[in-house]
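Structure below is query_0.cif: mmCIF, C-alpha atoms and all ligand atoms.
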```cif
data_target
#
loop_
_atom_site.label_atom_id
_atom_site.label_comp_id
_atom_site.auth_asym_id
_atom_site.auth_seq_id
_atom_site.Cartn_x
_atom_site.Cartn_y
_atom_site.Cartn_z
CA MET A 1 106.49 106.98 122.54
CA LYS A 2 106.92 109.19 119.48
CA LEU A 3 107.96 107.56 116.22
CA ILE A 4 108.53 108.56 112.63
CA LEU A 5 108.07 106.00 109.85
CA LEU A 6 110.21 107.17 106.96
CA GLY A 7 110.27 105.73 103.46
CA PRO A 8 109.09 106.20 99.88
CA PRO A 9 105.44 105.90 98.85
CA GLY A 10 104.40 102.25 99.08
CA ALA A 11 107.17 101.30 101.53
CA GLY A 12 104.64 100.09 104.11
CA LYS A 13 104.51 103.08 106.49
CA GLY A 14 100.74 103.11 106.78
CA THR A 15 100.54 99.33 107.15
CA GLN A 16 103.05 99.27 109.99
CA ALA A 17 101.67 102.44 111.60
CA GLN A 18 98.17 100.93 111.68
CA GLN A 19 99.46 97.83 113.52
CA LEU A 20 101.68 99.78 115.91
CA ALA A 21 98.87 102.16 116.78
CA LYS A 22 96.56 99.25 117.57
CA ASN A 23 99.10 97.23 119.57
CA ARG A 24 100.71 100.06 121.52
CA ASN A 25 97.84 102.48 122.05
CA LEU A 26 99.49 105.20 119.96
CA ILE A 27 97.85 107.63 117.55
CA GLN A 28 98.64 107.24 113.86
CA LEU A 29 99.13 110.64 112.24
CA SER A 30 99.16 110.37 108.47
CA THR A 31 99.35 113.75 106.74
CA GLY A 32 98.23 112.04 103.52
CA GLU A 33 95.06 110.78 105.25
CA MET A 34 94.44 114.19 106.82
CA LEU A 35 94.83 115.93 103.47
CA ARG A 36 92.52 113.41 101.75
CA ALA A 37 89.92 114.10 104.48
CA ALA A 38 90.32 117.85 103.85
CA VAL A 39 89.85 117.31 100.09
CA LYS A 40 86.72 115.25 100.75
CA ALA A 41 85.34 117.88 103.12
CA GLY A 42 86.02 120.61 100.53
CA SER A 43 87.81 122.77 103.11
CA GLU A 44 90.13 125.61 102.14
CA ILE A 45 93.19 123.44 102.80
CA GLY A 46 91.65 120.61 100.79
CA LEU A 47 90.98 122.86 97.81
CA LYS A 48 94.60 124.08 97.85
CA ALA A 49 96.03 120.58 98.25
CA LYS A 50 93.93 118.66 95.71
CA ALA A 51 95.66 119.72 92.47
CA LEU A 52 99.11 119.03 93.92
CA MET A 53 98.09 115.64 95.33
CA ASP A 54 96.50 114.61 92.03
CA LYS A 55 99.78 115.38 90.26
CA GLY A 56 101.85 113.60 92.94
CA GLU A 57 103.58 116.76 94.08
CA LEU A 58 104.13 117.80 97.68
CA VAL A 59 101.76 120.19 99.45
CA SER A 60 103.44 123.29 100.95
CA ASP A 61 105.43 122.96 104.16
CA ASP A 62 103.32 125.67 105.87
CA VAL A 63 100.11 123.73 105.33
CA VAL A 64 101.34 120.34 106.61
CA VAL A 65 103.36 121.81 109.49
CA GLY A 66 100.23 123.74 110.55
CA ILE A 67 98.13 120.56 110.45
CA ILE A 68 100.62 118.56 112.55
CA ALA A 69 101.28 121.38 115.03
CA GLU A 70 97.56 121.58 115.78
CA ARG A 71 97.01 117.81 115.85
CA ILE A 72 99.80 116.84 118.27
CA GLU A 73 98.39 119.25 120.86
CA LYS A 74 95.17 117.22 121.10
CA PRO A 75 94.79 115.20 124.34
CA ASP A 76 94.73 111.83 122.50
CA CYS A 77 98.37 112.37 121.46
CA LYS A 78 99.55 112.56 125.09
CA ASN A 79 100.46 108.84 125.17
CA GLY A 80 102.48 109.21 121.96
CA PHE A 81 102.06 109.11 118.19
CA ILE A 82 103.40 107.66 114.99
CA LEU A 83 104.09 110.05 112.14
CA ASP A 84 103.44 108.40 108.78
CA GLY A 85 104.20 110.59 105.76
CA PHE A 86 105.49 113.54 107.81
CA PRO A 87 108.06 115.09 107.79
CA ARG A 88 108.77 114.97 104.05
CA THR A 89 111.21 117.88 103.68
CA LEU A 90 114.12 119.20 105.75
CA GLN A 91 112.01 122.28 106.53
CA GLN A 92 109.23 120.09 107.93
CA ALA A 93 111.76 118.11 110.00
CA ALA A 94 113.24 121.31 111.43
CA ALA A 95 109.76 122.65 112.23
CA LEU A 96 108.90 119.40 114.02
CA ASP A 97 112.09 119.57 116.08
CA THR A 98 111.29 123.15 117.08
CA MET A 99 107.72 122.22 118.03
CA LEU A 100 108.89 119.39 120.29
CA ALA A 101 111.95 121.19 121.68
CA SER A 102 109.72 124.03 122.88
CA LYS A 103 108.17 121.42 125.22
CA GLY A 104 111.53 119.82 126.11
CA ASP A 105 110.61 116.82 123.97
CA ARG A 106 111.98 114.91 120.95
CA MET A 107 111.14 111.96 118.70
CA ASP A 108 112.16 108.61 120.23
CA ALA A 109 113.02 106.89 116.96
CA VAL A 110 112.92 107.23 113.21
CA ILE A 111 112.32 103.92 111.42
CA GLU A 112 113.41 103.89 107.78
CA LEU A 113 111.66 101.28 105.61
CA LYS A 114 113.97 100.33 102.74
CA VAL A 115 112.25 98.96 99.61
CA ASP A 116 113.45 98.67 95.97
CA TYR A 117 111.88 101.00 93.40
CA ASN A 118 110.22 98.25 91.29
CA ARG A 119 108.54 96.72 94.33
CA LEU A 120 107.20 100.14 95.36
CA VAL A 121 105.41 100.58 92.05
CA GLU A 122 103.86 97.10 92.38
CA ARG A 123 102.71 97.90 95.92
CA ILE A 124 101.21 101.25 94.99
CA VAL A 125 99.20 100.12 91.98
CA GLY A 126 97.76 97.14 93.93
CA ARG A 127 96.85 99.08 97.06
CA TYR A 128 93.28 99.50 98.29
CA ALA A 129 91.53 100.05 101.62
CA CYS A 130 88.27 99.39 103.41
CA ALA A 131 85.98 102.36 102.74
CA ASN A 132 84.47 102.00 106.22
CA CYS A 133 87.37 101.50 108.66
CA GLY A 134 90.41 102.31 106.49
CA GLU A 135 92.15 98.95 106.92
CA GLY A 136 94.75 98.67 104.14
CA TYR A 137 94.91 95.78 101.64
CA HIS A 138 96.79 94.75 98.52
CA ASP A 139 95.66 92.80 95.44
CA ARG A 140 98.52 90.31 95.88
CA PHE A 141 100.28 90.89 99.19
CA LYS A 142 97.45 91.44 101.66
CA ARG A 143 94.07 90.05 100.67
CA PRO A 144 91.10 89.93 103.04
CA LYS A 145 90.63 86.47 104.60
CA VAL A 146 87.16 86.26 103.02
CA ARG A 147 87.20 87.65 99.51
CA GLY A 148 85.51 91.07 99.31
CA VAL A 149 84.93 91.35 103.08
CA CYS A 150 87.04 93.53 105.37
CA ASP A 151 88.81 91.46 108.07
CA VAL A 152 88.39 94.20 110.65
CA CYS A 153 84.85 95.56 110.27
CA GLY A 154 83.09 93.21 107.83
CA SER A 155 82.34 95.96 105.31
CA THR A 156 82.17 94.97 101.63
CA ASP A 157 82.95 98.47 100.42
CA PHE A 158 86.54 99.23 99.33
CA THR A 159 88.30 102.25 97.83
CA ARG A 160 91.42 102.98 95.81
CA ARG A 161 93.31 106.26 96.04
CA ALA A 162 93.01 108.61 93.07
CA ASP A 163 96.80 109.14 93.06
CA ASP A 164 97.67 105.41 93.10
CA ASN A 165 98.15 105.14 89.37
CA ALA A 166 101.17 104.49 87.17
CA GLU A 167 101.19 108.13 85.91
CA THR A 168 101.68 109.84 89.29
CA VAL A 169 104.01 107.19 90.72
CA THR A 170 107.09 108.61 88.98
CA THR A 171 106.35 112.15 90.18
CA ARG A 172 105.80 110.90 93.73
CA MET A 173 109.03 108.92 93.66
CA MET A 174 110.95 111.93 92.35
CA ALA A 175 109.49 114.05 95.15
CA TYR A 176 110.64 111.40 97.61
CA TYR A 177 114.21 111.09 96.33
CA ARG A 178 114.61 114.86 95.87
CA GLU A 179 112.85 116.24 98.96
CA THR A 180 112.45 113.46 101.51
CA SER A 181 115.47 111.16 101.21
CA PRO A 182 117.80 113.87 102.67
CA LEU A 183 115.96 113.22 105.94
CA ILE A 184 117.79 109.89 106.19
CA GLY A 185 121.05 111.83 106.64
CA TYR A 186 119.37 114.36 108.91
CA TYR A 187 118.16 111.71 111.37
CA PHE A 188 121.31 109.62 111.06
CA CYS A 189 123.27 112.66 112.28
CA LYS A 190 120.83 113.09 115.17
CA GLY A 191 121.51 109.47 116.14
CA ASN A 192 117.95 108.13 116.15
CA LEU A 193 117.71 106.52 112.70
CA HIS A 194 117.00 102.76 112.49
CA ALA A 195 116.82 101.02 109.10
CA VAL A 196 114.53 98.06 108.47
CA ASP A 197 114.32 95.73 105.44
CA GLY A 198 110.92 96.75 104.11
CA MET A 199 111.09 94.10 101.34
CA ALA A 200 110.27 91.40 103.89
CA PRO A 201 106.66 90.23 104.41
CA ILE A 202 104.43 92.51 106.53
CA GLU A 203 104.69 90.40 109.70
CA GLU A 204 108.49 90.18 109.49
CA VAL A 205 108.78 93.94 109.11
CA ALA A 206 106.55 94.33 112.18
CA VAL A 207 108.84 92.02 114.18
CA ALA A 208 111.95 93.94 113.06
CA ILE A 209 110.34 97.20 114.22
CA ALA A 210 109.27 95.66 117.54
CA ASP A 211 112.90 94.52 118.10
CA ILE A 212 114.15 98.06 117.54
CA LEU A 213 111.54 99.56 119.87
CA ALA A 214 112.36 96.99 122.58
CA LYS A 215 115.98 98.18 122.61
CA LEU A 216 115.21 101.90 122.87
CA PRO A 217 116.43 103.52 126.07
P1 LIG B 301 102.92 103.68 102.47
O1 LIG B 301 102.04 104.09 103.62
O2 LIG B 301 104.38 103.67 102.84
O3 LIG B 301 102.66 104.47 101.21
P2 LIG B 301 101.36 101.21 102.58
O4 LIG B 301 101.52 100.80 103.99
O5 LIG B 301 100.04 101.80 102.20
O6 LIG B 301 102.58 102.16 102.12
O7 LIG B 301 101.67 99.92 101.68
C1 LIG B 301 101.51 99.96 100.26
C2 LIG B 301 100.84 98.66 99.79
O8 LIG B 301 101.77 97.58 99.99
C3 LIG B 301 99.60 98.29 100.57
O9 LIG B 301 98.66 97.74 99.66
C4 LIG B 301 100.05 97.24 101.58
O10 LIG B 301 99.05 96.28 101.86
C5 LIG B 301 101.24 96.60 100.87
N1 LIG B 301 102.35 96.28 101.79
C6 LIG B 301 102.80 97.00 102.84
N2 LIG B 301 103.86 96.42 103.43
C7 LIG B 301 104.11 95.30 102.71
C8 LIG B 301 105.09 94.25 102.79
N3 LIG B 301 106.03 94.25 103.75
N4 LIG B 301 105.05 93.25 101.87
C9 LIG B 301 104.10 93.26 100.90
N5 LIG B 301 103.16 94.20 100.75
C10 LIG B 301 103.15 95.22 101.64
P1 LIG B 302 100.64 109.81 101.26
O1 LIG B 302 99.28 109.37 101.70
O2 LIG B 302 101.61 109.92 102.39
O3 LIG B 302 101.17 108.98 100.10
O4 LIG B 302 100.47 111.29 100.70
C1 LIG B 302 99.63 111.57 99.59
C2 LIG B 302 99.92 112.98 99.07
O5 LIG B 302 99.61 113.95 100.08
C3 LIG B 302 101.38 113.26 98.69
O6 LIG B 302 101.69 112.82 97.37
C4 LIG B 302 101.44 114.78 98.86
O7 LIG B 302 100.83 115.43 97.76
C5 LIG B 302 100.56 115.01 100.07
N1 LIG B 302 101.32 114.97 101.35
C6 LIG B 302 101.16 114.07 102.36
N2 LIG B 302 102.00 114.32 103.37
C7 LIG B 302 102.73 115.41 102.98
C8 LIG B 302 103.78 116.14 103.60
N3 LIG B 302 104.27 115.81 104.81
N4 LIG B 302 104.30 117.18 102.91
C9 LIG B 302 103.83 117.53 101.70
N5 LIG B 302 102.85 116.88 101.06
C10 LIG B 302 102.29 115.81 101.70
#
```

Can the structure from this file be put into structure tokens for me?
Ligand code: ADP
Ligand code: AMP
Amino acid sequence: MKLILLGPPGAGKGTQAQQLAKNRNLIQLSTGEMLRAAVKAGSEIGLKAKALMDKGELVSDDVVVGIIAERIEKPDCKNGFILDGFPRTLQQAAALDTMLASKGDRMDAVIELKVDYNRLVERIVGRYACANCGEGYHDRFKRPKVRGVCDVCGSTDFTRRADDNAETVTTRMMAYYRETSPLIGYYFCKGNLHAVDGMAPIEEVAVAIADILAKLP
């Protein structure tokens, strides 16, 4: 199965992708995570991307399309994957279609997570993750069961993203509404768009997505 999770920053794409990947044996492909790894490694791509990411602007289409094109060819993607944070522009969406069409393939579904602007800001500024296994948490909405201890791996080390601050949020939202929201129309016209109420609690959103996937042909 090949899925796209579409929505603004903080909509819950990563949270749902993490669960889906675990439960359905799919690979989660987050271009944001891949770019952050490149920044950390100090690679050429990372050096190019860092300034844009710090400002909340999008990295160039060529760079992210190149990353995804290479990644989906890896054997672990054979069983399917979940794209989280890609595509983010019409050019990226068209490049993805071309990549898949060349193999007679297409995305099975695009799940749009709909969340109000004010809630997005609250989610972004309260977001953090386990520094060891990457499990995502939130100061209010998703706390570890034991305070300060990761539910998944037991680590006590957590990180916050450098771009999860009130200053970059507006730029990131503008990039979403200007560059990414046209993809809602793009996938609606292709007939594989499914909208979900992303304002609901995490488990309810997961159930809504599972219902959609159960009805796919
Ligand atoms: P995205 O990947 O779309 O940027 P995340 O999945 O990282 O968003 O979610 C942003 C923050 O909001 C995280 O801290 C996460 O724990 C929290 N979160 C995600 N989904 C929900 C939800 N349905 N209700 C409340 N908080 C949520
Ligand atoms: P995310 O983790 O999805 O919130 O992405 C963090 C940052 O990485 C974004 O603000 C962009 O600067 C960059 N980025 C991630 N995915 C893409 C993409 N598909 N296209 C362009 N830039 C991206």

Length of the atom C7 of ligand LIG 301 (chain B) to CA of Tyr177 in chain A vector [Å]: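 If I compute the distance from atom C7 of ligand LIG 301 (chain B) to CA of Tyr177 in chain A, I get 19.8 Å.
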
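Distances from A:Ile67, A:Leu193, A:Leu52, A:Val169 to Leu113 in chain A were compared using all atoms listed in the file, and the smallest one belongs to A:Leu193.
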
- prompt: In Å, with one decimal, what is the gap from atom O1 of ligand LIG 301 (chain B) to CA of Ala200 in chain A?
  reply: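 Between these atoms lies a distance of 15.1 Å.
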
- request: Within 7 Å of ligand LIG 301 (chain B), which residues show up when you count only C-alpha atoms and all ligand atoms? List them as a ChimeraX atom specification, please.
  value: /A:7-16,84,123-124,126-128,136-138,141-142,198-202,205

With only C-alpha atoms and all ligand atoms counted and 8 Å as the cut-off, give the residues of chain A in contact with ligand LIG 302 (chain B), each with its shortest interatomic distance in Å and the pair that gives it, as a Markdown table.
```
| residue | atom | partner | partner_atom | distance |
| --- | --- | --- | --- | --- |
| A:Pro9 | CA | B:LIG302 | O3 | 5.4 |
| A:Gly10 | CA | B:LIG302 | O3 | 7.5 |
| A:Ser30 | CA | B:LIG302 | O2 | 6.6 |
| A:Thr31 | CA | B:LIG302 | N2 | 4.3 |
| A:Gly32 | CA | B:LIG302 | O1 | 3.4 |
| A:Glu33 | CA | B:LIG302 | O1 | 5.7 |
| A:Leu35 | CA | B:LIG302 | O5 | 6.2 |
| A:Arg36 | CA | B:LIG302 | O5 | 7.3 |
| A:Ala49 | CA | B:LIG302 | O7 | 7.1 |
| A:Lys50 | CA | B:LIG302 | O7 | 7.9 |
| A:Leu52 | CA | B:LIG302 | O7 | 5.5 |
| A:Met53 | CA | B:LIG302 | O7 | 3.7 |
| A:Asp54 | CA | B:LIG302 | O7 | 7.2 |
| A:Lys55 | CA | B:LIG302 | O7 | 7.6 |
| A:Gly56 | CA | B:LIG302 | O6 | 4.5 |
| A:Glu57 | CA | B:LIG302 | O7 | 4.8 |
| A:Leu58 | CA | B:LIG302 | N5 | 3.7 |
| A:Val59 | CA | B:LIG302 | N5 | 3.8 |
| A:Ser60 | CA | B:LIG302 | C9 | 5.8 |
| A:Asp61 | CA | B:LIG302 | N4 | 6.0 |
| A:Val64 | CA | B:LIG302 | N3 | 5.7 |
| A:Val65 | CA | B:LIG302 | N3 | 7.7 |
| A:Asp84 | CA | B:LIG302 | O2 | 6.8 |
| A:Gly85 | CA | B:LIG302 | O2 | 4.3 |
| A:Phe86 | CA | B:LIG302 | N3 | 4.0 |
| A:Pro87 | CA | B:LIG302 | N3 | 4.9 |
| A:Arg88 | CA | B:LIG302 | N3 | 4.6 |
| A:Thr89 | CA | B:LIG302 | N4 | 7.0 |
| A:Gln92 | CA | B:LIG302 | N3 | 7.3 |
| A:Asp163 | CA | B:LIG302 | O6 | 7.5 |
| A:Arg172 | CA | B:LIG302 | O6 | 5.8 |
```

task: For CA of Asn25 in chain A and CA of Lys2 in chain A, determine how far apart the two atoms are, in Å to one decimal place.
output: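 Calculated distance between CA of Asn25 in chain A and CA of Lys2 in chain A is 11.6 Å.
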
task: Find the residues near Ser155 in chain A: any atom within 12 Å, counting all atoms listed in the file, skip ones fewer than 3 places away on the same chain, and give them as JSON, numbers by chain.
output: {"A": [129, 130, 131, 132, 133, 134, 135, 144, 146, 147, 148, 149, 150, 151, 152, 158, 159]}

message: Which residue is closest to Pro182 in chain A? Choose from A:Ala38, A:Met1, A:Ile27, A:Leu6 and count only C-alpha atoms.
response: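 Of the candidates, the smallest distance to Pro182 in chain A is held by A:Leu6.
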
query: Closest to Leu213 in chain A among A:Asp197, A:Asp139, A:Asp157, A:Asp108, using only C-alpha atoms?
result: A:Asp108

All residues 8 Å or closer to Ile82 in chain A, only C-alpha atoms, same chain fewer than 6 positions away omitted, as a list in words: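 So, after excluding close chain neighbours, the residues are Lys2, Leu3, Ile4, Leu5, Ala17, Ala21, Leu26, Ile27, Gln28 and Leu29 of chain A.
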
task: Find the residues around Arg24 in chain A up to 10 Å (all atoms listed in the file counted), leave out those fewer than 4 positions away in its own chain, and share them as an NGL selection string.
output: :A and (1 or 19-20 or 79-81)

field: For Leu100 in chain A, the nearest of the candidates A:Val125, A:Tyr117, A:Ala69, A:Ile45, counting all atoms listed in the file
entry: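 Under the stated criterion, the closest residue is A:Ala69.
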
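Take the candidates A:Cys153, A:Ala208, A:Ile111, A:Val39 and check each one against Tyr187 in chain A using all atoms listed in the file; the shortest distance goes to A:Ile111.
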
field: Minimum-distance residue to Ala109 in chain A, chosen among A:Glu203, A:Gly185, A:Lys190, A:Asn23 (using all atoms listed in the file)
entry: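 Closest to Ala109 in chain A, using all atoms listed in the file: A:Lys190.
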